[in-house]
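A.B. asks: Input: one structure, supplied below.
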Amino acid sequence: MQTPLELQIQTLPDNPGVYQYYDKEGKILYVGKAKNLKKRVQSYFTKNHDNYKTSVLVKKIVTIKHIVVPTETDALLLENNLIKKLQPRYNVLLRDDKTYPWICIKNERFPRIFSTRKMIKDGSEYFGPYTSFKTVHTILDLIKELYPLRTCTYDLSKANIDSGKFKVCLEYHIGNCKGACEGYEMAENYQNQVEKIRQILKGNFKESLKDFKKLMTDLAMEMKFEEAQKIKEKIEVLENYQSRSTVLNPKITNLDVFSIISDETMAYVNFLQISHGAIVRSHTLELKKKLDETNEELLELAVVELRERFHLNAREIVVPFAIDLGENIKVTVPQLGDKKQILDLSERNAKYYRLDQLKQIQIVDPERHTNRIMAQMQKDLRLSVEPRHIECFDNSNIQGTNPVSACVVFKDGKPSKKDYRHFNIKTVEGPNDFASMEEVVYRRYKRMLDENQPLPQLIIIDGGKGQLSSALKSIDDLGLRGKIAIIGIAKRLEELFYPGDSVPLYLDKKSETLKVIQYLRNEAHRFGITHHRDKRSKSALTNSLESIPGIGEKTMIALMKHFKSVKRLQNADEKAISEVVGVSKAKKISDFYKNNK
C-alpha cells in the first residue's frame with residue numbers, strides 16, 4: 001500500500017541530504033539536494049509555483065526517497081552523481097558530463113600540483129572533489145606562496161637533467177621555482193615539500209600553519225600589510241574547507257556497502273552502491289522477524305536478495321560484521337578509514353529510515369506505537385510487566401526554605417497532567433532531601449491504598465542511591481515491596497539504580513526508554529520548581545505585609561490572590577491596590593514600599 005504523500009513529507013528528517021521524486025510508475029522525476037530535507041521538500045507543496053515545469057513536476061510526485069549525508073557539501077556532490085547516473089527528466093542543469101574539480105599530485109619525479117576535472121589512472125593522487133573552484137584556487141595559491149614548485153611539463157628524469165637538456169625559465173628568475181630542471185634543487189628536498197602539501201590537502205596542516213603564520217608575520221614586519229591580510233584570509237579559508245568527501249572518494253573503486261539496524265520485530269538493511277568512487281544508488285529493505293533471527297542471518301538474506309534485485313556484480317562488499325557469502329565475494333569489515341566512513345553513512349541512513357517508519361506508525365496508528373514503546377521499556381528496564389502507569393518524584397528547596405515535592409504521572413508513555421500532585425513537606429525541618437523523599441512517597445501511596453486507587457507499575461526517583469533508599473523505606477512500611485518496581489536516576493551520567501544493586505544500569509543515550517525517563521524527570525523538575533517559586537513568592541509577600549501596621553490576615557490573603565508576588569505589589573500604583581483593599585489600606589501599603597525603597 002502506497003504511503004500518503006503528506007505522511008512521507010511529515011516524517012522526513014531535518015538533516016542534509018538528497019531527495020528523489022518518483023511518479024506512480026516508479027520512474028525517477030527529479031533529484032535535489034537540501035541543507036534541511038524536511039523544509040526543502042515541504043517548500044514544493046506549500047507554495048504556488050510560477051514556473052510551469054515545477055507545477056507539473058509537483059502534480060506527478062507520488063513517492064519521495066532520500067539519502068542522509070553528513071554535510072551540505074556531500075549533498076551537493078551526491079546530487080551530481082545521482083543526476084548523471086539516473087538522468088531524471090526534470091533535472092536539466094547537471095545532466096551533462098561536467099564534473100567537479102580535483103587537485104592532482106602528478107605521479108612523476110618532480111611532481112606537479114594542479115587542478116583538473118579528469119581523473120587519469122596513472123598512479124597520480126587526487127584530492128577532493130571540491131564544489132567551488134574558488135576554494136581550489138585559494139589552496140593552490142597558498143601552496144604556491146609557501147612552496148615554490150615547478151609548473152613546466154618537462155620530463156625531469158635524472159638523465160635529462162644531467163645532460164643539461166633544459167634551461168631555467170622566467171618562473172625561476174622571479175622566485176616561483178628553484179630550478180630543478182638544471183639541477184639547482186635536489187629531488188629529496190622537493191619531495192619533502194610535496195609531502196607537506198599532501199598533508200595540507202588531507203586536512204593535516206598544523207605543522208604547515210607555522211609556515212603560514214611566519215610568512216604573514218614577515219610580510220607585516222616588512223610593512224606589507226595588504227599582502228599579510230591576504231595571507232590571513234587564505235589561512236581562514238583553508239582552515240574551514242573540508243578536505244575529503246564521504247560520498248565521493250577516488251581510492252574506493254566498485255563495491256557494495258550493507259548495514260543493518262533492528263528492533264524486536266523488524267530489521268532494516270541499507271544498501272549503498274559505489275561505482276568508480278561515487279555513490280550511485282541507495283536502498284533500504286525492511287525485513288519482518290519471524291523466528292527471532294540474528295542480525296547475521298538477516299543480513300546474509302538481505303545481501304543475496306538485494307544483489308539479485310539490482311543485478312549487482314561487485315566482487316567486494318563492506319558489512320559491519322563477518323558473514324558467509326561464498327568464496328567468490330570478498331567480505332570486508334572495516335574498523336577505520338574511508339570504507340568505515342561509507343559504512344557509517346549506510347548505517348545512518350538505515351537508522352533514519354527506521355525513524356521515518358516509526359513516525360509514520362505514530363501518526364497513523366498511535367496505539368501500535370504505544371504498545372511498541374511499552375514493550376521496549378519492559379525489556380530495557382527488566383520489568384515483569386509493561387509500565388503503563390509510571391510516577392516520578394522530585395524535591396525542590398533552596399537552602400532548606402519552602403521545601404516542596406512534586407509527583408508527575410505518565411500513562412501509556414504520555415503525561416497525565418490531571419493526576420500530577422504537589423506536596424508541601426510537613427514533618428522535615430531544614431534541607432533534608434532523603435527525609436523529604438521518604439515522607440512524600442509514604443503519603444502518596446498511603447492515600448492511594450486507603451482510597452483503593454490503582455497503583456503504578458513503576459516509580460522513578462529523581463536522585464541517586466540515597467533518595468532511592470529513602471523511598472524504599474516508605475514502600476517497605478506500606479508493604480508494597482515487590483508489588484511496584486522502583487528505580488532511581490542520577491542526573492550526571494543518567495545512571496539507573498535498582499534496589500539492592502550497587503552497579504547502575506546505563507541505557508543507550510538515543511534509546512526511546514531513556515528518552516521517556518528523561519521526559520518524566522524533566523517534567524517532575526519543572527512541575528516542582530513552579531510550585532516552589534509560587535510558594536516562595538507568596539511567603540515573601542506575606543513576610544513583607546506582616547511588617548506593615550494595620551494590615552491583617554484577610555487583607556494579606558486578598559493581596560496574595562490578586563498580585564501573586566512581592567514585585568508586582570511593589571510596582572503597583574496606589575489606585576490599583578485600593579481596588580483590592582480600599583483607599584486607606586492602599587495608602588499604608590504604598591507609603592511602606594516607597595519608604596523602604
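Ordered as shown in the C-alpha cells, chains take letters A, B, and onward, while each chain numbers its residues from 1 and ligands are numbered from 1 in the order shown.
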Quick one: everything within 12 Å of Cys169 in chain A, counting only C-alpha atoms, minus sequence neighbours fewer than 2 positions away in the same chain. Send it as a PyMOL selection string.
C.D. replies: chain A and resi 150-152+154+166-167+171-182
A.B. asks: Write out, as a PDB file, in the first residue's frame, the residues just selected, with C-alpha atoms.
C.D. replies:
```
ATOM      1  CA  ARG A 150      57.640  23.783 -10.938  1.00  0.00           C
ATOM      2  CA  THR A 151      54.815  24.362 -13.418  1.00  0.00           C
ATOM      3  CA  CYS A 152      56.529  23.149 -16.595  1.00  0.00           C
ATOM      4  CA  TYR A 154      59.309  18.697 -18.828  1.00  0.00           C
ATOM      5  CA  PHE A 166      66.613  22.038 -20.110  1.00  0.00           C
ATOM      6  CA  LYS A 167      67.199  25.660 -19.110  1.00  0.00           C
ATOM      7  CA  GLU A 171      59.468  31.250 -13.094  1.00  0.00           C
ATOM      8  CA  TYR A 172      62.956  30.571 -11.706  1.00  0.00           C
ATOM      9  CA  HIS A 173      64.074  34.178 -12.117  1.00  0.00           C
ATOM     10  CA  ILE A 174      61.015  35.617 -10.314  1.00  0.00           C
ATOM     11  CA  GLY A 175      61.357  33.145  -7.426  1.00  0.00           C
ATOM     12  CA  ASN A 176      58.403  30.816  -8.151  1.00  0.00           C
ATOM     13  CA  CYS A 177      60.634  27.787  -8.862  1.00  0.00           C
ATOM     14  CA  LYS A 178      64.063  26.663  -7.579  1.00  0.00           C
ATOM     15  CA  GLY A 179      65.316  25.377 -10.937  1.00  0.00           C
ATOM     16  CA  ALA A 180      65.026  21.612 -10.636  1.00  0.00           C
ATOM     17  CA  CYS A 181      65.373  21.387 -14.431  1.00  0.00           C
ATOM     18  CA  GLU A 182      69.051  22.432 -14.194  1.00  0.00           C
TER      19      GLU A 182
END
```
A.B. asks: Just the residues within 12 Å of Lys426 in chain A, please, counting only C-alpha atoms, with nothing from its chain fewer than 5 positions along; format it as a list in words.
C.D. replies: Asn402, Pro403, Val404, Ser405, Ala435, Ser436, Met437, Glu438, Glu439, Val440 and Arg443 of chain A
A.B. asks: Just want the 10 Å neighbourhood of Thr370 in chain A, counted on only C-alpha atoms, with same-chain residues fewer than 2 positions away dropped. Output as a PyMOL selection string.
C.D. replies: chain A and resi 361-362+365-368+372-376+388+412-414
A.B. asks: Would you list the contacts of range 226-232 of chain A as a ChimeraX atom specification, taking every protein, DNA or RNA residue within 9 Å and counting only C-alpha atoms, but skipping same-chain residues closer than 3 positions in sequence?
C.D. replies: /A:142,145,212-213,215-220,223,235-237
A.B. asks: As a ChimeraX atom specification, please: all residues of range 257-488 of chain A that backbone DSSP puts in helix (DSSP H, G or I).
C.D. replies: /A:295-309,337-364,366-380,417-419,433-450,465-477
A.B. asks: What residues in range 279-415 of chain A get the DSSP label strand (DSSP E)? Please answer as an MDAnalysis selection string.
C.D. replies: chainID A and resid 279:288 316:318 330:332 389:398 401:411 414:415
A.B. asks: Go through A:Arg309, A:His283, A:Arg382, A:Lys27 and flag the residue nearest Thr63 in chain A, using only C-alpha atoms for the distances.
C.D. replies: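 Of all the options, A:Lys27 lies closest to Thr63 in chain A.
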A.B. asks: Skip range 330-341 of chain A itself and residues of its chain fewer than 4 positions away, then list as a list of chain:residue names all residues within 7 Å of it, counting only C-alpha atoms.
C.D. replies: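 After dropping sequence-adjacent residues, the list is A:Thr246, A:Arg315, A:Glu316, A:Ile317, A:Val318, A:Val319, A:Pro320, A:Phe321, A:Ala322, A:Leu345.
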